[in-house]
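structure_34.cif follows; it contains mmCIF, C-alpha atoms.
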```cif
data_my_file
#
loop_
_atom_site.label_atom_id
_atom_site.label_comp_id
_atom_site.auth_asym_id
_atom_site.auth_seq_id
_atom_site.Cartn_x
_atom_site.Cartn_y
_atom_site.Cartn_z
CA MET A 182 0.00 0.00 0.00
CA GLN A 183 2.83 2.37 0.82
CA GLN A 184 4.30 1.83 -2.65
CA ASP A 185 0.92 2.65 -4.18
CA ASN A 186 0.89 5.97 -2.34
CA ALA A 187 4.44 6.75 -3.37
CA ALA A 188 3.67 5.79 -6.96
CA MET A 189 1.17 8.59 -7.27
CA PHE A 190 4.02 11.06 -7.10
CA ALA A 191 6.67 11.33 -9.75
CA ALA A 192 10.14 10.16 -8.78
CA ALA A 193 12.89 12.73 -8.48
CA SER A 194 15.43 12.86 -11.24
CA SER A 195 18.84 13.68 -9.88
CA HIS A 196 20.58 14.11 -13.25
CA GLU A 197 23.72 12.47 -11.87
CA GLY A 198 26.70 13.22 -14.05
CA GLU A 199 24.74 15.71 -16.14
CA ASP A 200 26.37 19.12 -16.39
CA CYS A 201 23.73 21.85 -16.43
CA GLY A 202 26.23 24.70 -16.61
CA TYR A 203 25.78 25.70 -12.98
CA ASN A 204 26.91 23.89 -9.86
CA VAL A 205 23.66 22.69 -8.32
CA ASP A 206 23.10 20.30 -5.48
CA PHE A 207 20.34 17.75 -5.66
CA VAL A 208 17.03 19.44 -6.36
CA TYR A 209 13.76 17.54 -6.45
CA ASP A 210 13.02 18.88 -9.89
CA THR A 211 9.88 17.01 -10.87
CA PRO A 212 6.53 18.73 -10.38
CA ILE A 213 4.06 16.70 -8.37
CA TYR A 214 1.21 15.41 -10.42
CA ILE A 215 -1.86 13.85 -8.89
CA GLU A 216 -4.00 11.66 -11.05
CA GLU A 217 -7.70 12.38 -10.96
CA ALA A 218 -8.46 9.11 -9.18
CA TYR A 219 -6.20 10.09 -6.29
CA ALA A 220 -7.44 13.69 -6.24
CA ASN A 221 -10.95 12.33 -5.75
CA HIS A 222 -9.80 10.08 -2.90
CA ARG A 223 -11.76 10.72 0.28
CA GLY A 224 -8.67 11.33 2.42
CA VAL A 225 -7.27 13.89 0.02
CA GLN A 226 -10.64 15.58 -0.31
CA GLN A 227 -11.02 15.83 3.48
CA SER A 228 -7.58 17.34 3.90
CA GLU A 229 -7.53 21.10 3.71
CA THR A 230 -3.77 21.17 3.12
CA VAL A 231 -2.72 18.38 0.75
CA LEU A 232 -3.75 19.87 -2.59
CA PRO A 233 -2.82 23.48 -1.70
CA SER A 234 0.59 22.27 -0.46
CA ILE A 235 1.20 20.46 -3.74
CA ILE A 236 0.13 23.44 -5.84
CA ILE A 237 2.33 25.79 -3.83
CA PHE A 238 5.25 23.35 -4.09
CA ASN A 239 4.85 23.25 -7.88
CA LEU A 240 4.79 27.07 -8.04
CA ALA A 241 7.93 27.23 -5.89
CA LEU A 242 9.61 24.62 -8.07
CA ALA A 243 8.79 26.56 -11.25
CA ASN A 244 10.41 29.71 -9.81
CA HIS A 245 13.36 27.68 -8.53
CA LEU A 246 14.04 26.00 -11.89
CA VAL A 247 13.68 29.28 -13.79
CA ALA A 248 16.23 30.86 -11.44
CA ILE A 249 18.64 27.97 -11.97
CA GLN A 250 18.31 28.42 -15.75
CA MET A 251 18.82 32.17 -15.43
CA LYS A 252 21.94 31.68 -13.33
CA ALA A 253 23.31 29.18 -15.85
CA LYS A 254 22.70 31.66 -18.69
CA GLN A 255 24.28 34.47 -16.66
CA GLN A 256 27.33 32.28 -16.11
CA GLN A 257 27.56 31.46 -19.83
CA TYR A 258 27.07 35.13 -20.69
CA SER A 259 29.81 36.17 -18.24
CA ASN A 260 32.21 33.62 -19.68
CA LYS A 261 31.36 34.75 -23.22
CA ASN A 262 31.88 38.42 -22.29
CA ILE A 263 35.24 37.70 -20.71
CA ASN A 264 36.33 36.01 -23.92
CA ASN A 265 34.92 38.87 -26.04
CA ILE A 266 36.60 41.55 -23.95
CA ASN A 267 39.91 39.80 -24.33
CA SER A 268 39.54 39.68 -28.11
CA GLN A 269 37.69 42.96 -28.92
CA ASP A 270 37.90 46.66 -28.30
CA VAL A 271 36.02 47.54 -25.08
CA ASP A 272 33.96 50.36 -26.69
CA SER A 273 32.51 48.17 -29.44
CA HIS A 274 31.67 45.51 -26.84
CA LYS A 275 29.63 48.00 -24.79
CA ASN A 276 27.38 48.91 -27.74
CA GLU A 277 26.58 45.25 -28.47
CA ASN A 278 25.39 44.62 -24.92
CA ASP A 279 23.06 47.62 -24.55
CA ASP A 280 20.08 45.78 -26.13
CA ASP A 281 20.69 42.66 -23.99
CA GLU A 282 20.72 44.74 -20.81
CA GLU A 283 17.41 46.47 -21.69
CA GLU A 284 15.72 43.09 -22.28
CA ALA A 285 17.12 41.71 -19.03
CA ASP A 286 15.68 44.67 -17.07
CA GLU A 287 12.15 43.67 -18.10
CA LEU A 288 12.48 40.12 -16.75
CA PRO A 289 12.54 39.19 -13.06
CA SER A 290 16.03 38.52 -11.79
CA ALA A 291 17.20 35.10 -10.69
CA ARG A 292 17.40 36.44 -7.14
CA GLU A 293 13.73 37.53 -7.26
CA CYS A 294 12.70 34.11 -8.52
CA LEU A 295 14.73 32.43 -5.77
CA ARG A 296 13.23 34.70 -3.13
CA LYS A 297 9.74 33.86 -4.38
CA ALA A 298 10.59 30.14 -4.47
CA ALA A 299 11.88 30.25 -0.88
CA GLN A 300 8.71 31.98 0.32
CA LEU A 301 6.53 29.42 -1.45
CA TYR A 302 8.53 26.44 -0.14
CA LYS A 303 8.19 27.83 3.40
CA LEU A 304 4.45 28.31 2.92
CA SER A 305 4.07 24.74 1.67
CA VAL A 306 6.04 23.42 4.66
CA GLN A 307 3.86 25.44 7.05
CA LEU A 308 0.66 24.15 5.44
CA GLN A 309 1.94 20.61 5.72
CA LYS A 310 2.85 21.07 9.39
CA ASN A 311 -0.62 22.44 10.11
CA GLY A 312 -2.25 19.62 8.17
CA SER A 313 -0.13 17.01 9.93
CA GLN A 314 -1.11 18.36 13.33
CA ARG A 315 -4.80 18.23 12.39
CA GLN A 316 -4.40 14.68 11.11
CA GLN A 317 -2.73 13.59 14.33
CA ARG A 318 -5.54 15.07 16.40
CA ALA A 319 -8.11 13.35 14.18
CA GLY A 320 -6.17 10.06 14.12
CA SER A 321 -5.97 10.01 10.30
CA GLN A 322 -2.94 8.59 8.50
CA THR A 323 -4.31 8.63 4.97
CA THR A 324 -1.90 11.13 3.41
CA ARG A 325 1.08 10.68 5.73
CA SER A 326 3.30 8.37 3.67
CA TYR A 327 3.45 10.54 0.57
CA GLY A 328 3.30 13.70 2.68
CA LYS A 329 6.79 12.86 3.93
CA LEU A 330 8.15 12.96 0.39
CA LEU A 331 6.58 16.34 -0.26
CA PHE A 332 7.77 17.71 3.09
CA LEU A 333 11.35 16.52 2.56
CA SER A 334 11.37 17.82 -1.02
CA CYS A 335 10.27 21.27 0.16
CA ILE A 336 12.96 21.45 2.82
CA ASN A 337 15.68 20.15 0.51
CA ASN A 338 14.76 22.59 -2.25
CA LEU A 339 14.48 25.44 0.26
CA GLY A 340 18.07 24.75 1.33
CA ASN A 341 19.16 24.88 -2.29
CA THR A 342 17.42 28.22 -2.87
CA TYR A 343 19.31 29.66 0.09
CA LYS A 344 22.55 28.31 -1.35
CA LEU A 345 21.86 29.92 -4.72
CA MET A 346 21.10 33.23 -2.95
CA ASP A 347 24.43 32.94 -1.09
CA ASP A 348 22.64 32.87 2.28
CA GLU A 349 25.00 30.45 3.98
CA ARG A 350 23.44 30.80 7.43
CA SER A 351 19.91 29.93 6.27
CA GLU A 352 21.24 27.19 4.01
CA GLU A 353 23.12 25.52 6.86
CA LYS A 354 20.15 25.85 9.22
CA THR A 355 17.77 24.35 6.64
CA TYR A 356 20.07 21.43 5.79
CA LYS A 357 20.54 20.70 9.50
CA LYS A 358 16.75 20.50 9.85
CA LEU A 359 16.61 18.17 6.85
CA LEU A 360 19.30 15.93 8.31
CA THR A 361 17.52 15.83 11.67
CA ILE A 362 14.25 14.86 10.01
CA LEU A 363 15.94 12.17 7.92
CA MET A 364 17.64 10.72 11.00
CA TYR A 365 14.32 10.70 12.84
CA LEU A 366 12.46 9.02 9.97
CA TYR A 367 15.00 6.35 9.27
#
```
Using C-alpha cells, write down the structure from this file.
Amino acid sequence: MQQDNAAMFAAASSHEGEDCGYNVDFVYDTPIYIEEAYANHRGVQQSETVLPSIIIFNLALANHLVAIQMKAKQQQYSNKNINNINSQDVDSHKNENDDDEEEADELPSARECLRKAAQLYKLSVQLQKNGSQRQQRAGSQTTRSYGKLLFLSCINNLGNTYKLMDDERSEEKTYKKLLTILMYLY
C-alpha cells in the first residue's frame, strides 16, 4: 500500500553526471502530479492542506528551476563576455550589450525568482505542518506516507534556494533541519 501511495508522485530525477552549466546540489526537480483518481480520494478531499501544499510546491519549483536556468545563462554570458573583452575593443563591446541589458531589465532577476521560491517552499512546509497536526488530532494517516516525500522535497529545495542566494546561514540551518528529520524518519 505504501508503494501505491508513493507511486502517485513522480520520482525525483537527480541528473547524476549531467552538467547543467551551474553547480547545483540535488534538487527535487519534478513537479508533483496527482491523477484524478487520487485527487478524488476521500482522504485527500477531506484534507484542507494536501492539494494546496502540492500546488504551492509546484509554483515554488517553477520559480526555482527558472532561477537555476537564469543563473546558468548568466554564467555562460559572463564567460562569453570575458572572452569577447579579451579579443575585442572595449567600446565596441559596450554597444553590443546595450540591447541585452534592456531586455534583461524587463524580466525578473534570478534572485527575485529564488526569493519567491523560498517563500513558497516555506508556505508549503507550514501548510503541511498544520495539516499534519490536524491529522494527528483526528487520528488520520491517509496522506502521511506521501506527505513525507513532499515535506522533505520542500525542505531540501528550500536549502538549495538559500545556497543559490548565497545565504549560507539559512542554508546551513535548513540542511541541518533536513538531516535531523531524515535521521528521525530512518
Given the PyMOL selection byres ((chain A and resi 352) around 12) and the file above, list the residues it selects as a PyMOL selection string. chain A and resi 206+299+336-351+353-359
Using only C-alpha atoms, which protein or nucleic acid residues come within 8 Å of region 242-256 of chain A? Drop anything in the same chain fewer than 4 positions from it, and give the result as a tab-separated table (two decimals) with C-alpha atoms, in the frame of the given file.
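Writing the result to result_34.tsv gives the following:
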```tsv
chain	number	residue	atom	x	y	z
A	201	CYS	CA	23.73	21.85	-16.43
A	202	GLY	CA	26.23	24.70	-16.61
A	203	TYR	CA	25.78	25.70	-12.98
A	210	ASP	CA	13.02	18.88	-9.89
A	212	PRO	CA	6.53	18.73	-10.38
A	238	PHE	CA	5.25	23.35	-4.09
A	260	ASN	CA	32.21	33.62	-19.68
A	290	SER	CA	16.03	38.52	-11.79
A	291	ALA	CA	17.20	35.10	-10.69
A	292	ARG	CA	17.40	36.44	-7.14
A	294	CYS	CA	12.70	34.11	-8.52
A	295	LEU	CA	14.73	32.43	-5.77
A	297	LYS	CA	9.74	33.86	-4.38
A	298	ALA	CA	10.59	30.14	-4.47
A	342	THR	CA	17.42	28.22	-2.87
```
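Note that the spacing between CA of Gln314 (chain A) and CA of Leu331 (chain A) amounts to 15.7 Å.
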Hits from the PyMOL selection byres ((chain A and resi 305) around 8), listed as number ranges by chain: A: 233-235, 237-238, 301-304, 306-309, 335
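In this structure, CA of Asn262 (chain A) sits 28.9 Å away from CA of Phe207 (chain A).
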